[in-house]
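Data block below; observations after.
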Amino acid sequence: MNQLFEYTLHLADNALILGQRNAEWCGHGPVLEQDIAITNISLDLVGAARNLYALAAETYNGLSDADKGAVAALLPRPWKSFNRALQEDDLAFLREERQYRNVLLAELPKGDWAFTVLRQFFLSVFQYQQYKALQQSTDASLAAIAEKSLKEVAYHQRWSGEWVIRLGDGTDESRRRIEAALELLAPYTGELFRMADFESAAFTVDPAILREAWEEKINAVFAEAGLSMPQSTWHQSGGKKGIHSEHLGYLLTEMQYLQRTYLNETW
Amino acid sequence: MSVAELEKIFQDKIDADGRIEPKDWMPEKYRQNLIRQISQHAHSEIVGMLPEGNWISRAPSLKRKLILLAKVQDEAGHGLYLYSAAETLGISRDEMTEQLLNGKAKYSSIFNYPTLTWADMGAIGWLVDGAAIMNQVPLCRTSYGPYSRAMIRVCKEESFHQRQGFEALLVLSKGSDDQRAMVQDAIDRWWWPSLMMFGPTDDASPNSQLSMKWKIKRFSNDELRQRFVDMIAEQVKLLGMTLPDPDLKWNEERKHYDFGAINWEEFWNVVSGNGPCNTQRLAARQKAWDEGAWVREAAVAHAEKRKSRRAVEAA
C-alpha cells in the first residue's frame, strides 16, 4: 500500500503544480474569455489535486507501522512534530522540492500564451489517457477520482488543442511563438512515459502503454496546426524521482509561505 | 415626433418603473451617463481582480486557493456581463479598454490600495464586496434593462463572496493571536477606504441628481453609506474585532450609528491617481493588453482563414 501513497502523491503533484502555474494568468490573460478559461482549468487541477492529497493522507494514516516507515522520506518535516494525523494541506504545503513527484513539464515557468497552451495540451492529452485507464484501477478511490477528473480533462484537452491549432494556423508571429514553445517543451514529454518505481503496482497505469494514443492525438492536432514533433531522442527527466528543475523551489517557496510561517494553524 | 414628445414618453416610462431597452429612444445624456457608469463598473471588476489575484499563489490551504480562484474568476465574469451591457449602448469593449488605459474612464478607487496579508482577502470580501452590494442591489431595478439584468446576476454572486469573506475572517478570529492580529490589522486598513466607496457626500456628487431622476440610481451616496455602517458595526462584534473609528456609536434618536469624518483629501488624491497602487494597477492592465495583442490577432486571423476555407469548400 505504500506504493499507493507515492503514486497518489505523484498524480496530485502533477495537478497542483500545473494548476499553480496556470493560476499565474488569472487577471493577466490576453482576453477576458481566455482569462476565465485558463482559470477554470486551474480550478479543475487544484480541485483534483485536493481530492488526491486527501486520498494520499487517508492512505498514509491507515498504513501499518512498517509501511509508514517505508515512506518516511516523503513526509513533511514540520508535520512530524504536530502529533496529529496527516492532512491534505500538510502534503501540499510542507513537503520540500526533493519530495515532490511531479513531472518536470508541469513546473516550467508559464512563458507566453503559446508556451502555456502547448504545455497544457501535452499534459492534458497525457492525463486524459492516464485517467481513462485509471478508471479501471483496482483501487476504488483512485478509480473514482479518475472518473470525476476525466470529464474536466477532456475539456482541457479540447481547449488547449484548439489553441495550438489557432496559433499554428494564425499569424506569422503566433506561428513563430508556437514553434519556439514546441522546441522548448518537446524534450520534456519523454518523462511522461518513463515508468517510475511507484508506477508498477496493480492499481497503477504503466505510462509507457499510453504513448501510442498520446502520439496519435498530438499528431492529429499538429496536422491541423501545421506543426510536427521534433525528432530529438534526448529527453529531460527526474521529476518523478524528486530531481527537479531550479524552478520548482521558487514556486514552492511562494506557495508554502503562510503554512511554513504559521505552523499547524487553521485557515 | 418632436424631441420633447420623445422625452416625455421616455420619462413617463421611467416614472412608471418601466425598463428602457437598447432600441428605445433615449436622451443622449442618459446614454452617456450609463456608458460612464457601466464601463466604470466593468473596469472595477477587471482591475479588482488584481489585488486579490496577488494572493492566489500564496493562499494558505487548497480549499482557500480554490475559493479565491473562483472568486477572482467570477469578477472576470462580471466584467464580461457589464461590458456586454455597455456594448448595447453603442460602444465596443476595445474602446472601453482604451479609455481605461488612457485614464479617461475610472474604476473604483478601493483597488488602488495594496493587499498586504492573507486577512486582506477576507476583509475585501466582507467590507469591499459588502459595500459594493449596498451600491449594487438597488441597481437590479435600475431603469436600463440590460444593466439591470446584468446586475441581478452580479449581485447573486457578490453576496456569496461577502459571506465567504466573512467566513474566512471568522475562522481567523477563532485562531491564534497572530491570526487575530492579522484580522484587526486588515479591518483597520480597509474600513475607511470601504466607506469612501459610496462616493462623495450628496452635496458634492455632481452626477447624482440626474441619475436619480432617470432612476439609474435609486438611493443617495450618504443613505447607502449609512446602511453599510449600520450593518458592519453589528457584524464586527461577531468577529470580536473593532472598527477604527473612536466616534462610532449608536444614536438612539436617529436609530443609526454615528461615525467619524471621512478623509476626503485622501479620497480625491486616490481618485486622481495618487493612491499607493494606481500606477501599478494600470501598468498590469496595460501589460496584459499589450502582451495579449498577438494572441488576439492570431485568433482573428485563424477564424478568417477557416471561414474562407469553408467558403471555398462550399463553392
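In the C-alpha cells, the first chain shown is A, the next is B, and so on; residue numbers restart at 1 for each chain, and ligands run from 1 in the order shown.
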
Using only C-alpha atoms, which chain B residues lie at most 6 Å away from chain A, written as a VMD selection string?
chain B and resid 49 57 to 58 60 to 61 73 288 292 298 to 299 301 to 302

Pick out the residues sitting within 12 Å of Glu246 (chain A), and hand them over as JSON, numbers by chain; count only C-alpha atoms, and ignore anything fewer than 3 positions along from it in its own chain.
{"A": [97, 98, 104, 107, 108, 109, 239, 242, 243, 249, 250, 251, 252, 253]}

Please return as an MDAnalysis selection string: the residues of region 76-237 of chain A that backbone DSSP assigns to alpha helix (DSSP H).
chainID A and resid 88:93 104:107 113:134 140:168 172:185 211:225

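Residues lying within 10 Å of region 23-27 of chain B, counting only C-alpha atoms and ignoring same-chain neighbours fewer than 3 positions away, are Val3, Leu6, Glu7, Ile9, Phe10, Gln11, Arg19, Ile20, Tyr30, Arg31, Gln32, Asn33, Thr88 and Leu89 of chain B.
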
Could you take the residues named above and write them with N, CA and C atoms, as a JSON list (two decimals), in the first residue's frame?
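Generated output (out07.json):
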```
[["chain", "number", "residue", "atom", "x", "y", "z"],
["B", 3, "VAL", "N", -38.57, 66.08, -30.19],
["B", 3, "VAL", "CA", -37.71, 65.61, -29.10],
["B", 3, "VAL", "C", -38.44, 65.72, -27.76],
["B", 6, "LEU", "N", -40.69, 62.78, -27.43],
["B", 6, "LEU", "CA", -39.90, 61.57, -27.15],
["B", 6, "LEU", "C", -39.42, 61.57, -25.70],
["B", 7, "GLU", "N", -38.99, 62.73, -25.25],
["B", 7, "GLU", "CA", -38.51, 62.84, -23.87],
["B", 7, "GLU", "C", -39.62, 62.54, -22.87],
["B", 9, "ILE", "N", -42.30, 60.58, -23.42],
["B", 9, "ILE", "CA", -42.55, 59.12, -23.42],
["B", 9, "ILE", "C", -41.49, 58.41, -22.57],
["B", 10, "PHE", "N", -40.23, 58.84, -22.78],
["B", 10, "PHE", "CA", -39.10, 58.25, -22.06],
["B", 10, "PHE", "C", -39.26, 58.43, -20.54],
["B", 11, "GLN", "N", -39.53, 59.70, -20.13],
["B", 11, "GLN", "CA", -39.61, 59.96, -18.69],
["B", 11, "GLN", "C", -40.84, 59.29, -18.08],
["B", 19, "ARG", "N", -38.77, 49.60, -18.01],
["B", 19, "ARG", "CA", -37.36, 49.46, -18.37],
["B", 19, "ARG", "C", -37.11, 50.05, -19.76],
["B", 20, "ILE", "N", -36.01, 50.76, -19.87],
["B", 20, "ILE", "CA", -35.58, 51.27, -21.17],
["B", 20, "ILE", "C", -34.74, 50.17, -21.82],
["B", 30, "TYR", "N", -28.49, 60.53, -21.17],
["B", 30, "TYR", "CA", -28.80, 59.28, -20.44],
["B", 30, "TYR", "C", -27.84, 58.18, -20.92],
["B", 31, "ARG", "N", -27.71, 58.11, -22.25],
["B", 31, "ARG", "CA", -26.80, 57.11, -22.83],
["B", 31, "ARG", "C", -25.37, 57.31, -22.32],
["B", 32, "GLN", "N", -24.90, 58.54, -22.36],
["B", 32, "GLN", "CA", -23.52, 58.83, -21.95],
["B", 32, "GLN", "C", -23.31, 58.53, -20.45],
["B", 33, "ASN", "N", -24.32, 58.91, -19.69],
["B", 33, "ASN", "CA", -24.27, 58.70, -18.26],
["B", 33, "ASN", "C", -24.16, 57.20, -17.94],
["B", 88, "THR", "N", -24.43, 47.42, -25.65],
["B", 88, "THR", "CA", -25.77, 47.67, -26.22],
["B", 88, "THR", "C", -26.03, 49.17, -26.36],
["B", 89, "LEU", "N", -25.16, 49.99, -25.77],
["B", 89, "LEU", "CA", -25.34, 51.45, -25.86],
["B", 89, "LEU", "C", -24.46, 52.04, -26.96]]
```

Quick one, how far is CA of Gly69 (chain A) from CA of Ala144 (chain A)?
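Atom-to-atom, CA of Gly69 (chain A) and CA of Ala144 (chain A) are spaced 27.7 Å apart.
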
Give me, as a PyMOL selection string, all polymer residues having an atom no more than 8 Å from Leu210 (chain A), counting only C-alpha atoms and skipping those fewer than 3 positions away in the same chain.
chain A and resi 126+129-130+193+206-207+213-214

With N, CA and C atoms retained, could you export that selection as a PDB file, in the first residue's frame?
```pdb
ATOM      1  N   PHE A 126      -2.037  13.623 -22.063  1.00  0.00           N
ATOM      2  CA  PHE A 126      -1.494  12.543 -21.238  1.00  0.00           C
ATOM      3  C   PHE A 126      -2.449  12.198 -20.095  1.00  0.00           C
ATOM      4  N   GLN A 129      -5.508  10.189 -21.128  1.00  0.00           N
ATOM      5  CA  GLN A 129      -5.261   8.747 -21.305  1.00  0.00           C
ATOM      6  C   GLN A 129      -5.034   8.059 -19.953  1.00  0.00           C
ATOM      7  N   GLN A 130      -4.296   8.748 -19.103  1.00  0.00           N
ATOM      8  CA  GLN A 130      -3.971   8.166 -17.799  1.00  0.00           C
ATOM      9  C   GLN A 130      -5.233   7.982 -16.941  1.00  0.00           C
ATOM     10  N   PHE A 193       6.303   9.132 -20.122  1.00  0.00           N
ATOM     11  CA  PHE A 193       6.094   7.715 -20.429  1.00  0.00           C
ATOM     12  C   PHE A 193       7.132   6.797 -19.785  1.00  0.00           C
ATOM     13  N   ASP A 206       0.729   1.702 -16.262  1.00  0.00           N
ATOM     14  CA  ASP A 206       2.068   1.810 -16.829  1.00  0.00           C
ATOM     15  C   ASP A 206       2.033   2.920 -17.884  1.00  0.00           C
ATOM     16  N   PRO A 207       2.762   4.012 -17.665  1.00  0.00           N
ATOM     17  CA  PRO A 207       2.625   5.143 -18.597  1.00  0.00           C
ATOM     18  C   PRO A 207       3.099   4.811 -20.014  1.00  0.00           C
ATOM     19  N   ALA A 213      -1.506   6.249 -27.938  1.00  0.00           N
ATOM     20  CA  ALA A 213      -2.724   7.070 -28.010  1.00  0.00           C
ATOM     21  C   ALA A 213      -2.375   8.546 -27.874  1.00  0.00           C
ATOM     22  N   TRP A 214      -1.371   8.833 -27.040  1.00  0.00           N
ATOM     23  CA  TRP A 214      -0.940  10.224 -26.854  1.00  0.00           C
ATOM     24  C   TRP A 214      -0.410  10.789 -28.173  1.00  0.00           C
TER      25      TRP A 214
END
```

Residue with the minimum atom-to-atom distance to Tyr128 (chain A), picked from A:Asp197, A:Lys110, A:Lys217, A:Asn2 with only C-alpha atoms counted, is A:Lys217

Taking 3 positions as the minimum chain separation for residues in the same chain, which residues sit within 12 Å of Val171 (chain B) when counting only C-alpha atoms? Answer as a PDB file with N, CA, C and O atoms, in the first residue's frame.
```
ATOM      1  N   GLU A 265      -1.781  25.870  11.763  1.00  0.00           N
ATOM      2  CA  GLU A 265      -2.956  26.695  12.065  1.00  0.00           C
ATOM      3  C   GLU A 265      -4.105  26.302  11.149  1.00  0.00           C
ATOM      4  O   GLU A 265      -3.901  25.639  10.135  1.00  0.00           O
ATOM      5  N   THR A 266      -5.290  26.753  11.533  1.00  0.00           N
ATOM      6  CA  THR A 266      -6.454  26.541  10.668  1.00  0.00           C
ATOM      7  C   THR A 266      -6.699  27.815   9.869  1.00  0.00           C
ATOM      8  O   THR A 266      -6.613  28.911  10.420  1.00  0.00           O
ATOM      9  N   TRP A 267      -6.972  27.661   8.585  1.00  0.00           N
ATOM     10  CA  TRP A 267      -7.201  28.834   7.734  1.00  0.00           C
ATOM     11  C   TRP A 267      -8.620  28.851   7.255  1.00  0.00           C
ATOM     12  O   TRP A 267      -9.019  28.725   6.254  1.00  0.00           O
TER      13      TRP A 267
ATOM     14  N   ARG B  64      -8.778  27.247   0.381  1.00  0.00           N
ATOM     15  CA  ARG B  64      -8.781  28.711   0.226  1.00  0.00           C
ATOM     16  C   ARG B  64      -8.300  29.116  -1.167  1.00  0.00           C
ATOM     17  O   ARG B  64      -8.741  30.115  -1.724  1.00  0.00           O
ATOM     18  N   ALA B 119      -5.263  38.077   5.555  1.00  0.00           N
ATOM     19  CA  ALA B 119      -6.548  38.537   6.102  1.00  0.00           C
ATOM     20  C   ALA B 119      -7.193  39.585   5.198  1.00  0.00           C
ATOM     21  O   ALA B 119      -8.409  39.782   5.246  1.00  0.00           O
ATOM     22  N   GLY B 122     -10.094  38.200   3.266  1.00  0.00           N
ATOM     23  CA  GLY B 122     -11.359  38.161   3.991  1.00  0.00           C
ATOM     24  C   GLY B 122     -11.956  39.547   4.122  1.00  0.00           C
ATOM     25  O   GLY B 122     -13.156  39.745   3.922  1.00  0.00           O
ATOM     26  N   GLN B 164     -18.483  34.471   2.051  1.00  0.00           N
ATOM     27  CA  GLN B 164     -17.197  33.755   2.070  1.00  0.00           C
ATOM     28  C   GLN B 164     -16.114  34.573   2.758  1.00  0.00           C
ATOM     29  O   GLN B 164     -15.309  34.042   3.524  1.00  0.00           O
ATOM     30  N   GLY B 165     -16.088  35.877   2.495  1.00  0.00           N
ATOM     31  CA  GLY B 165     -15.087  36.751   3.103  1.00  0.00           C
ATOM     32  C   GLY B 165     -15.257  36.785   4.608  1.00  0.00           C
ATOM     33  O   GLY B 165     -14.293  36.656   5.363  1.00  0.00           O
ATOM     34  N   PHE B 166     -16.501  36.926   5.028  1.00  0.00           N
ATOM     35  CA  PHE B 166     -16.773  36.973   6.465  1.00  0.00           C
ATOM     36  C   PHE B 166     -16.394  35.648   7.114  1.00  0.00           C
ATOM     37  O   PHE B 166     -15.775  35.625   8.185  1.00  0.00           O
ATOM     38  N   GLU B 167     -16.719  34.558   6.451  1.00  0.00           N
ATOM     39  CA  GLU B 167     -16.400  33.225   6.992  1.00  0.00           C
ATOM     40  C   GLU B 167     -14.888  33.053   7.130  1.00  0.00           C
ATOM     41  O   GLU B 167     -14.398  32.498   8.122  1.00  0.00           O
ATOM     42  N   ALA B 168     -14.131  33.550   6.145  1.00  0.00           N
ATOM     43  CA  ALA B 168     -12.664  33.437   6.215  1.00  0.00           C
ATOM     44  C   ALA B 168     -12.139  34.209   7.431  1.00  0.00           C
ATOM     45  O   ALA B 168     -11.241  33.734   8.138  1.00  0.00           O
ATOM     46  N   LYS B 174     -11.017  32.979  15.235  1.00  0.00           N
ATOM     47  CA  LYS B 174     -11.026  31.906  16.239  1.00  0.00           C
ATOM     48  C   LYS B 174      -9.675  31.199  16.303  1.00  0.00           C
ATOM     49  O   LYS B 174      -9.535  30.180  16.975  1.00  0.00           O
ATOM     50  N   GLY B 175      -8.703  31.712  15.572  1.00  0.00           N
ATOM     51  CA  GLY B 175      -7.401  31.058  15.505  1.00  0.00           C
ATOM     52  C   GLY B 175      -6.426  31.587  16.544  1.00  0.00           C
ATOM     53  O   GLY B 175      -6.802  31.933  17.658  1.00  0.00           O
ATOM     54  N   SER B 176      -5.161  31.673  16.152  1.00  0.00           N
ATOM     55  CA  SER B 176      -4.107  32.079  17.090  1.00  0.00           C
ATOM     56  C   SER B 176      -4.109  33.600  17.283  1.00  0.00           C
ATOM     57  O   SER B 176      -4.777  34.330  16.548  1.00  0.00           O
ATOM     58  N   GLN B 179      -3.128  35.286  14.156  1.00  0.00           N
ATOM     59  CA  GLN B 179      -4.193  35.357  13.149  1.00  0.00           C
ATOM     60  C   GLN B 179      -5.206  36.449  13.496  1.00  0.00           C
ATOM     61  O   GLN B 179      -5.677  37.174  12.618  1.00  0.00           O
ATOM     62  N   ARG B 180      -5.524  36.557  14.794  1.00  0.00           N
ATOM     63  CA  ARG B 180      -6.466  37.606  15.207  1.00  0.00           C
ATOM     64  C   ARG B 180      -5.887  39.001  14.948  1.00  0.00           C
ATOM     65  O   ARG B 180      -6.587  39.898  14.478  1.00  0.00           O
ATOM     66  N   MET B 182      -3.858  39.722  12.658  1.00  0.00           N
ATOM     67  CA  MET B 182      -3.895  39.897  11.206  1.00  0.00           C
ATOM     68  C   MET B 182      -5.271  40.410  10.770  1.00  0.00           C
ATOM     69  O   MET B 182      -5.383  41.281   9.898  1.00  0.00           O
ATOM     70  N   VAL B 183      -6.323  39.889  11.401  1.00  0.00           N
ATOM     71  CA  VAL B 183      -7.689  40.315  11.064  1.00  0.00           C
ATOM     72  C   VAL B 183      -7.902  41.780  11.448  1.00  0.00           C
ATOM     73  O   VAL B 183      -8.386  42.591  10.643  1.00  0.00           O
ATOM     74  N   LEU B 238     -19.386  40.096  15.940  1.00  0.00           N
ATOM     75  CA  LEU B 238     -19.313  38.634  15.822  1.00  0.00           C
ATOM     76  C   LEU B 238     -17.870  38.156  15.644  1.00  0.00           C
ATOM     77  O   LEU B 238     -17.534  37.023  15.950  1.00  0.00           O
ATOM     78  N   LEU B 239     -17.036  39.050  15.111  1.00  0.00           N
ATOM     79  CA  LEU B 239     -15.631  38.687  14.922  1.00  0.00           C
ATOM     80  C   LEU B 239     -14.804  38.983  16.176  1.00  0.00           C
ATOM     81  O   LEU B 239     -13.642  38.609  16.252  1.00  0.00           O
ATOM     82  N   GLY B 240     -15.404  39.683  17.121  1.00  0.00           N
ATOM     83  CA  GLY B 240     -14.646  40.089  18.308  1.00  0.00           C
ATOM     84  C   GLY B 240     -13.588  41.127  17.953  1.00  0.00           C
ATOM     85  O   GLY B 240     -12.543  41.216  18.599  1.00  0.00           O
TER      86      GLY B 240
END
```

Hey, can you check how far CA of Val125 (chain A) sits from CA of Ala154 (chain A)?
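Computed distance, CA of Val125 (chain A) to CA of Ala154 (chain A), equals 8.2 Å.
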
Two-atom distance - CA of Thr138 (chain A), CA of Leu9 (chain A) (Å)
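So the two atoms, CA of Thr138 (chain A) and CA of Leu9 (chain A), lie 17.3 Å apart.
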
Env of Asp202 (chain B): 12 Å cut, atoms = only C-alpha atoms, seq-sep filter 6 positions within chain, self excluded. Answer as a list in words.
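The filter keeps Ser208, Gln209, Met212, Phe219, Ser220, Asn221, Asp222, Glu223, Leu224 and Arg225 of chain B.
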